[in-house]
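Source file target10.cif; content: mmCIF, C-alpha atoms.
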```cif
data_run
loop_
_atom_site.label_atom_id
_atom_site.label_comp_id
_atom_site.auth_asym_id
_atom_site.auth_seq_id
_atom_site.Cartn_x
_atom_site.Cartn_y
_atom_site.Cartn_z
CA MET A 53 0.00 0.00 0.00
CA LYS A 54 1.34 3.40 -0.99
CA ARG A 55 2.15 5.98 1.65
CA SER A 56 2.52 9.75 1.34
CA THR A 57 6.29 9.60 0.98
CA ASP A 58 6.81 12.95 -0.78
CA ARG A 59 3.33 14.53 -0.72
CA ILE A 60 -0.14 13.89 0.70
CA LEU A 61 -1.88 11.32 -1.50
CA THR A 62 -5.59 11.60 -2.26
CA THR A 63 -8.31 8.96 -2.37
CA HIS A 64 -12.01 8.56 -1.50
CA MET A 65 -14.23 5.97 0.15
CA GLY A 66 -15.54 4.06 -2.85
CA SER A 67 -18.97 4.80 -4.25
CA LEU A 68 -19.43 7.57 -6.81
CA PRO A 69 -22.52 8.86 -8.68
CA ARG A 70 -23.87 6.46 -11.29
CA PRO A 71 -25.31 7.67 -14.60
CA ASP A 72 -29.09 8.07 -14.42
CA LEU A 73 -29.95 5.25 -16.82
CA LEU A 74 -27.76 2.73 -15.01
CA ALA A 75 -29.07 3.93 -11.63
CA ASP A 76 -32.68 3.48 -12.77
CA LEU A 77 -32.01 -0.08 -13.88
CA LEU A 78 -30.17 -0.97 -10.67
CA VAL A 79 -32.99 0.44 -8.52
CA ALA A 80 -35.60 -1.52 -10.46
CA GLN A 81 -33.51 -4.67 -10.28
CA ALA A 82 -33.00 -4.31 -6.53
CA GLU A 83 -36.75 -3.86 -6.08
CA GLY A 84 -37.42 -7.08 -7.97
CA LYS A 85 -39.06 -5.37 -10.91
CA PRO A 86 -38.63 -6.76 -14.44
CA VAL A 87 -35.67 -5.13 -16.15
CA ASP A 88 -33.66 -5.70 -19.29
CA SER A 89 -30.65 -6.99 -17.36
CA ALA A 90 -28.76 -7.60 -20.61
CA ARG A 91 -28.26 -3.83 -20.87
CA ILE A 92 -26.48 -3.54 -17.52
CA PRO A 93 -23.00 -4.85 -18.53
CA ALA A 94 -22.66 -2.39 -21.42
CA LEU A 95 -23.94 0.49 -19.29
CA THR A 96 -21.55 -0.52 -16.53
CA ASP A 97 -18.59 -0.46 -18.94
CA GLU A 98 -19.61 2.99 -20.15
CA ALA A 99 -20.04 4.24 -16.57
CA MET A 100 -16.67 2.82 -15.52
CA ASP A 101 -14.95 4.69 -18.33
CA GLN A 102 -16.50 7.95 -17.16
CA ILE A 103 -15.83 7.34 -13.48
CA VAL A 104 -12.18 6.38 -13.93
CA ARG A 105 -11.56 9.31 -16.23
CA ARG A 106 -13.24 11.82 -13.90
CA GLN A 107 -11.22 10.60 -10.92
CA LEU A 108 -7.99 10.99 -12.87
CA ASP A 109 -9.07 14.46 -14.03
CA CYS A 110 -9.68 15.45 -10.41
CA GLY A 111 -6.22 14.32 -9.36
CA ILE A 112 -7.23 11.28 -7.34
CA ASP A 113 -4.11 9.21 -6.64
CA VAL A 114 -5.72 6.03 -5.32
CA GLY A 115 -8.91 5.39 -7.27
CA ASN A 116 -11.47 2.66 -7.85
CA ASP A 117 -14.42 1.61 -10.00
CA GLY A 118 -16.96 3.75 -8.14
CA GLU A 119 -19.01 0.62 -7.33
CA MET A 120 -20.81 1.17 -10.63
CA PRO A 121 -22.63 -2.20 -10.93
CA ARG A 122 -23.82 -2.35 -7.29
CA SER A 123 -27.16 -1.18 -5.93
CA THR A 124 -25.68 -0.64 -2.45
CA PHE A 125 -22.31 -1.06 -0.77
CA PHE A 126 -23.61 -4.04 1.23
CA GLY A 127 -26.75 -5.51 -0.39
CA TYR A 128 -24.84 -6.52 -3.50
CA ILE A 129 -23.89 -9.79 -1.79
CA THR A 130 -27.52 -10.98 -1.84
CA GLY A 131 -27.22 -11.24 -5.61
CA ARG A 132 -23.84 -12.96 -5.49
CA MET A 133 -24.47 -15.47 -2.68
CA SER A 134 -27.13 -18.10 -2.21
CA GLY A 135 -29.03 -18.34 1.08
CA PHE A 136 -30.78 -14.97 0.95
CA GLY A 137 -34.50 -14.43 0.46
CA GLY A 138 -37.62 -13.03 2.04
CA ARG A 139 -37.34 -9.71 3.81
CA SER A 140 -35.30 -8.30 6.67
CA ASN A 141 -37.00 -6.46 9.50
CA ARG A 142 -34.22 -4.11 10.49
CA ARG A 143 -34.84 -1.77 13.41
CA PRO A 144 -34.84 1.98 12.73
CA ILE A 145 -31.82 3.82 14.09
CA LEU A 146 -32.23 6.07 17.11
CA ASP A 147 -32.07 9.27 15.04
CA MET A 148 -35.24 8.16 13.25
CA GLN A 149 -36.95 7.55 16.58
CA HIS A 150 -35.73 10.65 18.42
CA PHE A 151 -36.17 13.09 15.53
CA PRO A 152 -39.39 12.00 13.77
CA LYS A 153 -39.85 15.36 12.03
CA TRP A 154 -36.35 15.13 10.55
CA TRP A 155 -37.09 11.59 9.36
CA GLN A 156 -40.40 12.70 7.83
CA ASN A 157 -38.72 15.56 5.98
CA TYR A 158 -35.84 13.33 4.90
CA GLN A 159 -38.22 10.82 3.33
CA ALA A 160 -40.24 13.59 1.68
CA ARG A 161 -37.11 14.83 -0.08
CA GLY A 162 -36.91 11.53 -1.95
CA VAL A 163 -33.20 11.22 -1.27
CA ARG A 164 -33.28 7.45 -0.81
CA ARG A 165 -35.01 5.52 -3.56
CA LEU A 166 -34.36 2.08 -2.06
CA ASN A 167 -35.71 0.82 1.26
CA VAL A 168 -32.50 -0.42 2.84
CA TYR A 169 -34.48 -1.58 5.87
CA GLY A 170 -36.30 -4.22 3.87
CA PHE A 171 -33.50 -6.03 2.07
CA PRO A 172 -33.44 -9.85 1.83
CA ALA A 173 -32.60 -11.89 4.93
CA ALA A 174 -30.45 -14.98 5.45
CA ILE A 175 -32.97 -17.81 5.19
CA GLY A 176 -30.45 -20.61 4.58
CA PRO A 177 -26.70 -21.21 4.57
CA VAL A 178 -25.02 -18.23 2.89
CA ARG A 179 -22.63 -19.36 0.21
CA TYR A 180 -20.81 -18.19 -2.91
CA GLU A 181 -21.69 -20.70 -5.61
CA SER A 182 -19.26 -18.83 -7.86
CA LEU A 183 -17.32 -15.58 -7.99
CA ASP A 184 -18.87 -14.55 -11.30
CA GLY A 185 -20.27 -11.32 -9.85
CA VAL A 186 -17.03 -9.92 -8.50
CA ARG A 187 -15.15 -11.25 -11.56
CA ALA A 188 -17.46 -9.36 -13.94
CA GLU A 189 -17.06 -6.15 -11.92
CA LEU A 190 -13.27 -6.32 -11.85
CA ASP A 191 -13.05 -7.28 -15.53
CA SER A 192 -15.06 -4.16 -16.38
CA PHE A 193 -12.78 -2.09 -14.15
CA ALA A 194 -9.69 -3.52 -15.87
CA ARG A 195 -11.07 -2.59 -19.28
CA ALA A 196 -11.80 0.95 -18.12
CA LEU A 197 -8.29 1.35 -16.69
CA ALA A 198 -6.71 0.11 -19.92
CA ARG A 199 -8.60 2.69 -21.96
CA GLN A 200 -7.27 5.70 -20.01
CA ALA A 201 -4.19 7.72 -20.88
CA GLY A 202 -3.51 8.46 -17.20
CA ARG A 203 -2.83 6.02 -14.39
CA PHE A 204 -3.64 5.89 -10.70
CA THR A 205 -0.80 5.56 -8.23
CA GLU A 206 -2.77 2.60 -6.87
CA THR A 207 -6.23 1.09 -7.17
CA PHE A 208 -8.63 -0.20 -4.54
CA VAL A 209 -11.88 -2.16 -4.55
CA THR A 210 -14.44 -2.18 -1.77
CA ALA A 211 -16.22 -5.10 -0.08
CA VAL A 212 -18.62 -5.20 2.85
CA SER A 213 -17.51 -6.52 6.24
CA PRO A 214 -19.18 -9.64 7.65
CA GLY A 215 -20.23 -7.70 10.73
CA PHE A 216 -22.15 -5.01 8.90
CA ALA A 217 -23.69 -7.50 6.49
CA ALA A 218 -24.97 -9.47 9.47
CA CYS A 219 -26.52 -6.35 11.01
CA SER A 220 -28.21 -5.12 7.83
CA LEU A 221 -29.32 -8.43 6.29
CA GLU A 222 -31.34 -10.09 9.04
CA ASN A 223 -30.44 -13.53 10.32
CA GLN A 224 -33.42 -15.87 9.95
CA HIS A 225 -31.40 -19.09 9.75
CA TYR A 226 -28.38 -19.32 12.05
CA ASP A 227 -28.53 -20.17 15.76
CA SER A 228 -26.89 -16.90 16.79
CA HIS A 229 -25.69 -13.56 15.50
CA GLU A 230 -22.11 -14.72 16.05
CA ALA A 231 -22.61 -17.88 14.00
CA TYR A 232 -24.04 -15.77 11.19
CA VAL A 233 -21.13 -13.31 11.27
CA PHE A 234 -18.53 -16.07 11.05
CA ALA A 235 -20.47 -17.84 8.26
CA LEU A 236 -20.43 -14.61 6.24
CA ALA A 237 -16.73 -14.18 6.97
CA ARG A 238 -15.92 -17.63 5.61
CA GLU A 239 -17.64 -16.82 2.32
CA LEU A 240 -16.50 -13.22 2.00
CA LYS A 241 -12.94 -14.46 2.42
CA ARG A 242 -13.19 -15.78 -1.14
CA GLU A 243 -14.22 -12.39 -2.51
CA TYR A 244 -11.56 -10.56 -0.49
CA GLU A 245 -8.77 -12.81 -1.75
CA PHE A 246 -9.98 -12.56 -5.34
CA ILE A 247 -9.86 -8.74 -5.21
CA VAL A 248 -6.30 -8.72 -3.89
CA ALA A 249 -5.22 -11.38 -6.39
CA GLN A 250 -6.31 -9.02 -9.18
CA GLY A 251 -3.76 -6.47 -7.97
CA HIS A 252 -6.04 -4.12 -6.02
CA VAL A 253 -5.93 -2.92 -2.44
CA LEU A 254 -8.97 -4.29 -0.61
CA GLN A 255 -11.12 -1.78 1.26
CA ILE A 256 -13.37 -3.28 3.92
CA ASP A 257 -16.52 -1.21 4.50
CA SER A 258 -17.50 -1.69 8.14
CA PRO A 259 -19.85 1.06 9.35
CA ASP A 260 -21.12 -1.30 12.05
CA LEU A 261 -18.37 0.06 14.32
CA GLY A 262 -20.07 3.45 14.11
CA ILE A 263 -23.74 3.32 13.25
CA GLU A 264 -24.84 0.05 14.84
CA ARG A 265 -24.34 1.45 18.36
CA ALA A 266 -27.57 3.34 17.62
CA GLY A 267 -29.00 0.60 15.40
CA PHE A 268 -28.67 -3.14 15.85
CA PHE A 269 -27.21 -2.74 19.37
CA GLN A 270 -29.24 0.29 20.48
CA ASP A 271 -30.53 -1.48 23.61
CA GLU A 272 -27.10 -2.65 24.74
CA PRO A 273 -24.73 -0.77 27.06
CA LEU A 274 -21.47 0.44 25.55
CA PRO A 275 -19.34 -2.45 26.93
CA LYS A 276 -21.66 -4.99 25.28
CA PHE A 277 -21.46 -3.09 22.00
CA ILE A 278 -17.66 -3.02 22.16
CA GLU A 279 -17.63 -6.75 22.90
CA ALA A 280 -19.81 -7.39 19.85
CA MET A 281 -17.55 -5.24 17.65
CA GLU A 282 -14.51 -7.17 18.83
CA MET A 283 -16.30 -10.34 17.74
CA HIS A 284 -17.05 -8.74 14.36
CA VAL A 285 -13.36 -7.87 13.95
CA ALA A 286 -12.28 -11.37 14.98
CA ALA A 287 -14.47 -12.81 12.22
CA LEU A 288 -13.12 -10.27 9.73
CA ASN A 289 -9.55 -11.09 10.67
CA GLU A 290 -10.22 -14.77 9.96
CA ALA A 291 -11.39 -13.75 6.48
CA LEU A 292 -8.23 -11.64 6.04
CA ALA A 293 -5.85 -14.25 7.45
CA ASP A 294 -4.16 -15.03 4.12
CA ILE A 295 -3.98 -11.44 2.85
CA PRO A 296 -1.00 -9.23 3.79
CA ALA A 297 -2.15 -6.42 6.09
CA GLU A 298 -0.54 -3.84 3.79
CA ARG A 299 -3.02 -4.81 1.03
CA VAL A 300 -6.06 -3.97 3.18
CA ARG A 301 -7.62 -0.72 4.31
CA PHE A 302 -10.50 -0.57 6.80
CA HIS A 303 -13.31 1.99 6.58
CA ALA A 304 -15.61 2.65 9.53
CA CYS A 305 -18.13 5.49 9.77
CA TRP A 306 -21.33 6.81 11.35
CA GLY A 307 -23.57 6.57 8.31
CA ASN A 308 -23.75 8.54 5.09
CA ARG A 309 -26.77 10.69 5.91
CA ASP A 310 -27.35 14.28 7.04
CA SER A 311 -29.12 13.30 10.27
CA PRO A 312 -28.57 14.83 13.74
CA HIS A 313 -26.01 12.12 14.68
CA VAL A 314 -26.42 12.86 18.39
CA ASN A 315 -26.55 9.13 19.12
CA ASP A 316 -23.20 8.35 17.46
CA VAL A 317 -20.65 6.44 19.49
CA PRO A 318 -17.56 8.67 19.94
CA ALA A 319 -14.56 7.70 17.83
CA PRO A 320 -12.23 7.30 20.86
CA ASP A 321 -14.51 4.53 22.16
CA VAL A 322 -14.09 2.40 19.04
CA LEU A 323 -10.51 3.23 18.04
CA PRO A 324 -9.07 0.35 20.12
CA VAL A 325 -11.32 -2.05 18.19
CA CYS A 326 -10.31 -0.52 14.86
CA PHE A 327 -6.66 -1.00 15.79
CA GLN A 328 -7.29 -4.75 16.09
CA VAL A 329 -8.12 -5.11 12.37
CA LYS A 330 -5.48 -6.83 10.23
CA ALA A 331 -5.13 -3.85 7.91
CA GLY A 332 -2.50 -1.40 6.76
CA ALA A 333 -4.77 1.64 6.72
CA LEU A 334 -7.66 3.00 8.74
CA CYS A 335 -10.20 5.23 6.96
CA LEU A 336 -12.29 7.46 9.24
CA PRO A 337 -14.55 10.51 8.72
CA PHE A 338 -13.32 13.73 10.31
CA ALA A 339 -14.74 16.39 7.98
CA ASN A 340 -18.24 16.34 9.47
CA SER A 341 -19.14 18.67 12.31
CA ARG A 342 -19.99 15.87 14.76
CA HIS A 343 -16.65 14.09 14.73
CA SER A 344 -14.05 16.51 13.34
CA HIS A 345 -12.64 17.27 16.80
CA GLU A 346 -11.99 13.58 17.44
CA ILE A 347 -8.94 13.54 15.18
CA ASP A 348 -7.05 14.78 18.26
CA ALA A 349 -7.69 11.42 19.95
CA PHE A 350 -4.70 10.10 18.01
CA HIS A 351 -2.39 12.19 20.22
CA THR A 352 -3.03 9.73 23.05
CA GLN A 353 -4.47 6.70 21.24
CA LYS A 354 -1.54 6.10 18.96
CA LEU A 355 -2.16 4.74 15.48
CA PRO A 356 -0.35 1.37 15.18
CA ALA A 357 2.93 1.70 13.30
CA ARG A 358 1.68 -0.63 10.57
CA MET A 359 -1.27 1.69 9.77
CA THR A 360 -1.78 4.78 7.64
CA LEU A 361 -4.72 7.08 8.40
CA VAL A 362 -6.95 7.96 5.45
CA CYS A 363 -8.45 11.08 7.00
CA GLY A 364 -11.87 12.26 5.92
CA VAL A 365 -11.35 15.92 4.97
CA VAL A 366 -14.32 16.27 2.58
CA GLU A 367 -17.91 15.78 3.76
CA SER A 368 -20.15 13.46 1.73
CA THR A 369 -23.70 14.51 2.67
CA HIS A 370 -23.83 18.24 1.88
CA ASN A 371 -23.23 20.37 -1.20
CA TYR A 372 -20.77 22.84 0.26
CA VAL A 373 -17.48 22.56 -1.62
CA GLU A 374 -14.81 22.75 1.04
CA HIS A 375 -12.19 25.45 0.54
CA PRO A 376 -8.75 24.00 -0.22
CA GLN A 377 -7.29 25.99 2.67
CA VAL A 378 -9.74 24.30 5.07
CA ILE A 379 -8.81 20.90 3.64
CA ALA A 380 -5.12 21.70 4.07
CA GLU A 381 -5.71 22.72 7.70
CA ARG A 382 -7.55 19.45 8.37
CA LEU A 383 -4.70 17.44 6.89
CA GLU A 384 -2.07 19.33 8.88
CA ARG A 385 -4.07 18.77 12.07
CA ALA A 386 -4.18 15.04 11.25
CA VAL A 387 -0.41 14.97 10.68
CA ARG A 388 0.15 16.62 14.07
CA ALA A 389 -2.11 14.04 15.72
CA ILE A 390 -0.47 11.05 13.99
CA GLY A 391 3.04 12.48 14.23
CA ASP A 392 4.08 11.28 10.77
CA ARG A 393 3.25 13.05 7.51
CA GLU A 394 3.91 9.88 5.51
CA ARG A 395 1.12 8.01 7.32
CA VAL A 396 -1.67 10.44 6.42
CA MET A 397 -3.73 10.44 3.22
CA ALA A 398 -6.59 12.72 2.19
CA GLY A 399 -9.99 11.09 1.80
CA THR A 400 -13.71 11.68 1.91
CA ASP A 401 -15.89 10.96 4.94
CA CYS A 402 -17.83 8.27 3.08
CA GLY A 403 -18.93 7.34 -0.42
CA PHE A 404 -21.07 9.62 -2.56
CA GLY A 405 -23.36 6.89 -3.88
CA THR A 406 -23.47 4.24 -1.16
CA ILE A 407 -27.09 3.57 -2.12
CA VAL A 408 -27.96 3.81 -5.79
CA GLY A 409 -30.19 6.81 -6.46
CA ASP A 410 -28.97 8.55 -3.31
CA THR A 411 -28.71 12.21 -4.33
CA GLN A 412 -27.56 14.01 -1.19
CA VAL A 413 -24.61 15.49 -3.10
CA SER A 414 -25.20 16.45 -6.72
CA GLU A 415 -22.96 14.80 -9.27
CA ASP A 416 -21.28 17.99 -10.44
CA VAL A 417 -20.61 18.98 -6.83
CA VAL A 418 -18.96 15.60 -6.15
CA TRP A 419 -16.28 16.32 -8.74
CA ALA A 420 -15.78 19.86 -7.44
CA LYS A 421 -15.25 18.45 -3.94
CA LEU A 422 -12.68 15.94 -5.17
CA ALA A 423 -10.83 18.65 -7.11
CA ALA A 424 -10.83 20.83 -3.98
CA MET A 425 -9.37 17.91 -2.03
CA ARG A 426 -6.56 17.65 -4.59
CA ASP A 427 -5.83 21.36 -4.22
CA GLY A 428 -5.99 21.22 -0.43
CA ALA A 429 -3.62 18.26 -0.34
CA ALA A 430 -1.20 20.21 -2.55
CA ILE A 431 -1.26 23.16 -0.15
CA ALA A 432 -0.68 20.91 2.85
CA SER A 433 2.10 19.07 1.05
CA LYS A 434 3.92 22.29 0.24
CA ARG A 435 3.83 23.27 3.91
CA LEU A 436 4.68 19.84 5.28
CA TRP A 437 7.57 19.18 2.90
CA SER A 438 8.96 22.72 2.74
#
```
Would you mind writing the file's structure down as structure tokens?
Amino acid sequence: MKRSTDRILTTHMGSLPRPDLLADLLVAQAEGKPVDSARIPALTDEAMDQIVRRQLDCGIDVGNDGEMPRSTFFGYITGRMSGFGGRSNRRPILDMQHFPKWWQNYQARGVRRLNVYGFPAAIGPVRYESLDGVRAELDSFARALARQAGRFTETFVTAVSPGFAACSLENQHYDSHEAYVFALARELKREYEFIVAQGHVLQIDSPDLGIERAGFFQDEPLPKFIEAMEMHVAALNEALADIPAERVRFHACWGNRDSPHVNDVPAPDVLPVCFQVKAGALCLPFANSRHSHEIDAFHTQKLPARMTLVCGVVESTHNYVEHPQVIAERLERAVRAIGDRERVMAGTDCGFGTIVGDTQVSEDVVWAKLAAMRDGAAIASKRLWS
């Protein structure tokens, strides 16, 4: 995994806006409506070309495929694995319960086109019958990369963690939550290893360490939540056992939504669990106004020497384009907290299209934000390496 050896490198957290036609087809497909699925591969190839090119134009150093063929960052596995069916009955997060007017207004805006609280559940043993789904995605990404004149410094591909998948796709088969998590880990291991074998850094998306304190585990005291997250990480580490830590980065967050976030677990509470992950980089959101101050926790809770911090310096749920000077200041604050300029990268708080059809940040604003991040990283680099 590349480090910021002579300047601050830039990346993002995975999902990027999909073209409208592809998004419409993916939404319909996820809802079980009849679609002309034969059109999706060609539209995916076309979207990948655009997404790779736009990232390169914006100066992204470590880029990806934007998750173009996926309806969500986690539900995609229900179409790649057997054992899923029926409907989950996921509990609403505390923000929805404590701020009903916000939730009413949020729904009225039509931001989310998919009901992520009613995805399929595990109704039998979860199993990859083949890796055709991930193979098709990475083949399309490879074709898009080959068609570009420019090149990324490095590429990454995202995959959901077993812990978050188990929280969001209800268990209606296994004897316990733990048994379900480890069953998912055993299968996801195959996808993880395939991604790395294709030459990409693997990014694990694990928002359970942030949002499930106020979701799946909302009735549990903090120590019980931490204990559950340690179990989630133990399962993940089993899945990562045969992958070098330096080929893995771990992304945790508090949800990609503009909600009040007053029920978020503080970052310092979960950092010790994050440090247990067998990964070479930790990706956390520090651009948002609820958690930006928590970057200073690294002064006392030292980032393990094997890890780089991909610091969220661009927010992913509002349409303000951050000023490059603000981005530079955030990066310099992160470097002071970590104590090593080479172990800090610039990133976004979360993805911009974690759920297909999610329009919290307009597509043209997304690219302006990424370009601002490039400029802010350049300012910080000039100061840090002067």
Neighbours of A:Val325 within 9 Å (all atoms listed in the file; same-chain residues fewer than 5 positions away dropped), as an mmCIF file with C-alpha atoms, in the coordinates of the input?
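selection.cif, freshly written:
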```cif
data_model
loop_
_atom_site.group_PDB
_atom_site.id
_atom_site.type_symbol
_atom_site.label_atom_id
_atom_site.label_comp_id
_atom_site.auth_asym_id
_atom_site.auth_seq_id
_atom_site.Cartn_x
_atom_site.Cartn_y
_atom_site.Cartn_z
ATOM 1 C CA LEU A 261 -18.370 0.060 14.320
ATOM 2 C CA ILE A 278 -17.660 -3.020 22.160
ATOM 3 C CA MET A 281 -17.550 -5.240 17.650
ATOM 4 C CA GLU A 282 -14.510 -7.170 18.830
ATOM 5 C CA VAL A 285 -13.360 -7.870 13.950
#
```
I need the residue set behind the PyMOL selection byres ((chain A and resi 72-88) around 12) for this file; please write it as a VMD selection string.
chain A and resid 68 to 71 89 to 100 119 to 124 127 to 131 137 to 139 164 to 168 170 to 172 405 to 411 415
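When atom CA of A:Val418 is paired with atom CA of A:His370, their separation reads 9.8 Å.
Taking atom CA of A:Val329 and atom CA of A:Ser341 as the two end points, the separation is 26.2 Å.
Proximity to A:Phe277 was assessed for A:Gly428, A:Gly364, A:Gly262, A:Gly135 counting all atoms listed in the file; the smallest distance is recorded for A:Gly262.
With all atoms listed in the file as the atoms that count, the residue of A:Arg105, A:Arg301, A:Lys241, A:Arg393 with the shortest distance to A:Arg199 is A:Arg105.
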Using only C-alpha atoms, the shortest atom-to-atom distance to A:Ala432 among A:Asp117, A:Asp271, A:Asp257, A:Glu381 belongs to A:Glu381
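Atom CA of A:Asp310 to atom CA of A:Val413 spans 10.6 Å [interatomic distance, one decimal].
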Residues within 6 Å of A:Ser368, all atoms listed in the file, excluding chain neighbours under 6 positions, as a PyMOL selection string:
chain A and resi 401-402+404
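Surrounding stretch 389-392 of chain A within 7 Å are Ile347, Asp348, Phe350, His351, Leu355, Arg385, Ala386, Val387, Glu394 and Arg395 of chain A, with only C-alpha atoms counted and residues fewer than 2 positions along the same chain left out.
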Residues of stretch 283-375 of chain A at most 9 Å from stretch 212-231 of chain A: nearest atom pair and distance in Å, all atoms listed in the file, as a tab-separated table:
```
residue	atom	partner	partner_atom	distance
A:Met283	CA	A:Glu230	CA	7.5
A:His284	CA	A:Gly215	CA	4.9
A:Val285	CA	A:Gly215	CA	7.6
A:Ala287	CA	A:Pro214	CA	7.3
A:Leu288	CA	A:Pro214	CA	6.4
A:Ala291	CA	A:Pro214	CA	8.9
```
Could those residues be written to a file, using C-alpha atoms, as a JSON list (two decimals), in the frame of the given file?
```
[["chain", "number", "residue", "atom", "x", "y", "z"],
["A", 283, "MET", "CA", -16.30, -10.34, 17.74],
["A", 284, "HIS", "CA", -17.05, -8.74, 14.36],
["A", 285, "VAL", "CA", -13.36, -7.87, 13.95],
["A", 287, "ALA", "CA", -14.47, -12.81, 12.22],
["A", 288, "LEU", "CA", -13.12, -10.27, 9.73],
["A", 291, "ALA", "CA", -11.39, -13.75, 6.48]]
```
Could you write out as an mmCIF file with C-alpha atoms, in the coordinates of the input the residues that the PyMOL selection byres ((chain A and resi 306) around 12) matches in the shown file?
```
data_model
loop_
_atom_site.group_PDB
_atom_site.id
_atom_site.type_symbol
_atom_site.label_atom_id
_atom_site.label_comp_id
_atom_site.auth_asym_id
_atom_site.auth_seq_id
_atom_site.Cartn_x
_atom_site.Cartn_y
_atom_site.Cartn_z
ATOM 1 C CA ILE A 145 -31.820 3.820 14.090
ATOM 2 C CA ASP A 147 -32.070 9.270 15.040
ATOM 3 C CA ASP A 257 -16.520 -1.210 4.500
ATOM 4 C CA SER A 258 -17.500 -1.690 8.140
ATOM 5 C CA PRO A 259 -19.850 1.060 9.350
ATOM 6 C CA ASP A 260 -21.120 -1.300 12.050
ATOM 7 C CA LEU A 261 -18.370 0.060 14.320
ATOM 8 C CA GLY A 262 -20.070 3.450 14.110
ATOM 9 C CA ILE A 263 -23.740 3.320 13.250
ATOM 10 C CA GLU A 264 -24.840 0.050 14.840
ATOM 11 C CA ARG A 265 -24.340 1.450 18.360
ATOM 12 C CA ALA A 266 -27.570 3.340 17.620
ATOM 13 C CA GLY A 267 -29.000 0.600 15.400
ATOM 14 C CA HIS A 303 -13.310 1.990 6.580
ATOM 15 C CA ALA A 304 -15.610 2.650 9.530
ATOM 16 C CA CYS A 305 -18.130 5.490 9.770
ATOM 17 C CA GLY A 307 -23.570 6.570 8.310
ATOM 18 C CA ASN A 308 -23.750 8.540 5.090
ATOM 19 C CA ARG A 309 -26.770 10.690 5.910
ATOM 20 C CA ASP A 310 -27.350 14.280 7.040
ATOM 21 C CA SER A 311 -29.120 13.300 10.270
ATOM 22 C CA PRO A 312 -28.570 14.830 13.740
ATOM 23 C CA HIS A 313 -26.010 12.120 14.680
ATOM 24 C CA VAL A 314 -26.420 12.860 18.390
ATOM 25 C CA ASN A 315 -26.550 9.130 19.120
ATOM 26 C CA ASP A 316 -23.200 8.350 17.460
ATOM 27 C CA VAL A 317 -20.650 6.440 19.490
ATOM 28 C CA PRO A 318 -17.560 8.670 19.940
ATOM 29 C CA ALA A 319 -14.560 7.700 17.830
ATOM 30 C CA VAL A 322 -14.090 2.400 19.040
ATOM 31 C CA LEU A 336 -12.290 7.460 9.240
ATOM 32 C CA PRO A 337 -14.550 10.510 8.720
ATOM 33 C CA PHE A 338 -13.320 13.730 10.310
ATOM 34 C CA ASN A 340 -18.240 16.340 9.470
ATOM 35 C CA ARG A 342 -19.990 15.870 14.760
ATOM 36 C CA HIS A 343 -16.650 14.090 14.730
ATOM 37 C CA SER A 368 -20.150 13.460 1.730
ATOM 38 C CA THR A 369 -23.700 14.510 2.670
ATOM 39 C CA ASP A 401 -15.890 10.960 4.940
ATOM 40 C CA CYS A 402 -17.830 8.270 3.080
#
```
Which residues come within 12 Å of A:Met397, counting only C-alpha atoms, excluding same-chain residues fewer than 6 positions away, as a ChimeraX atom specification?
/A:53-65,112-114,301,333-336,359-365,379-380,382-384,386-387,390,425-426,428-430,432-433
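Counting only C-alpha atoms and comparing A:Ser438, A:Gln149, A:Thr210, A:Ser344, the residue that lies closest to A:Phe126 is A:Thr210.
If only C-alpha atoms are the atoms counted, then among A:Pro273, A:Pro376, A:Pro320, A:Pro152 the closest residue to A:Lys354 is A:Pro320.
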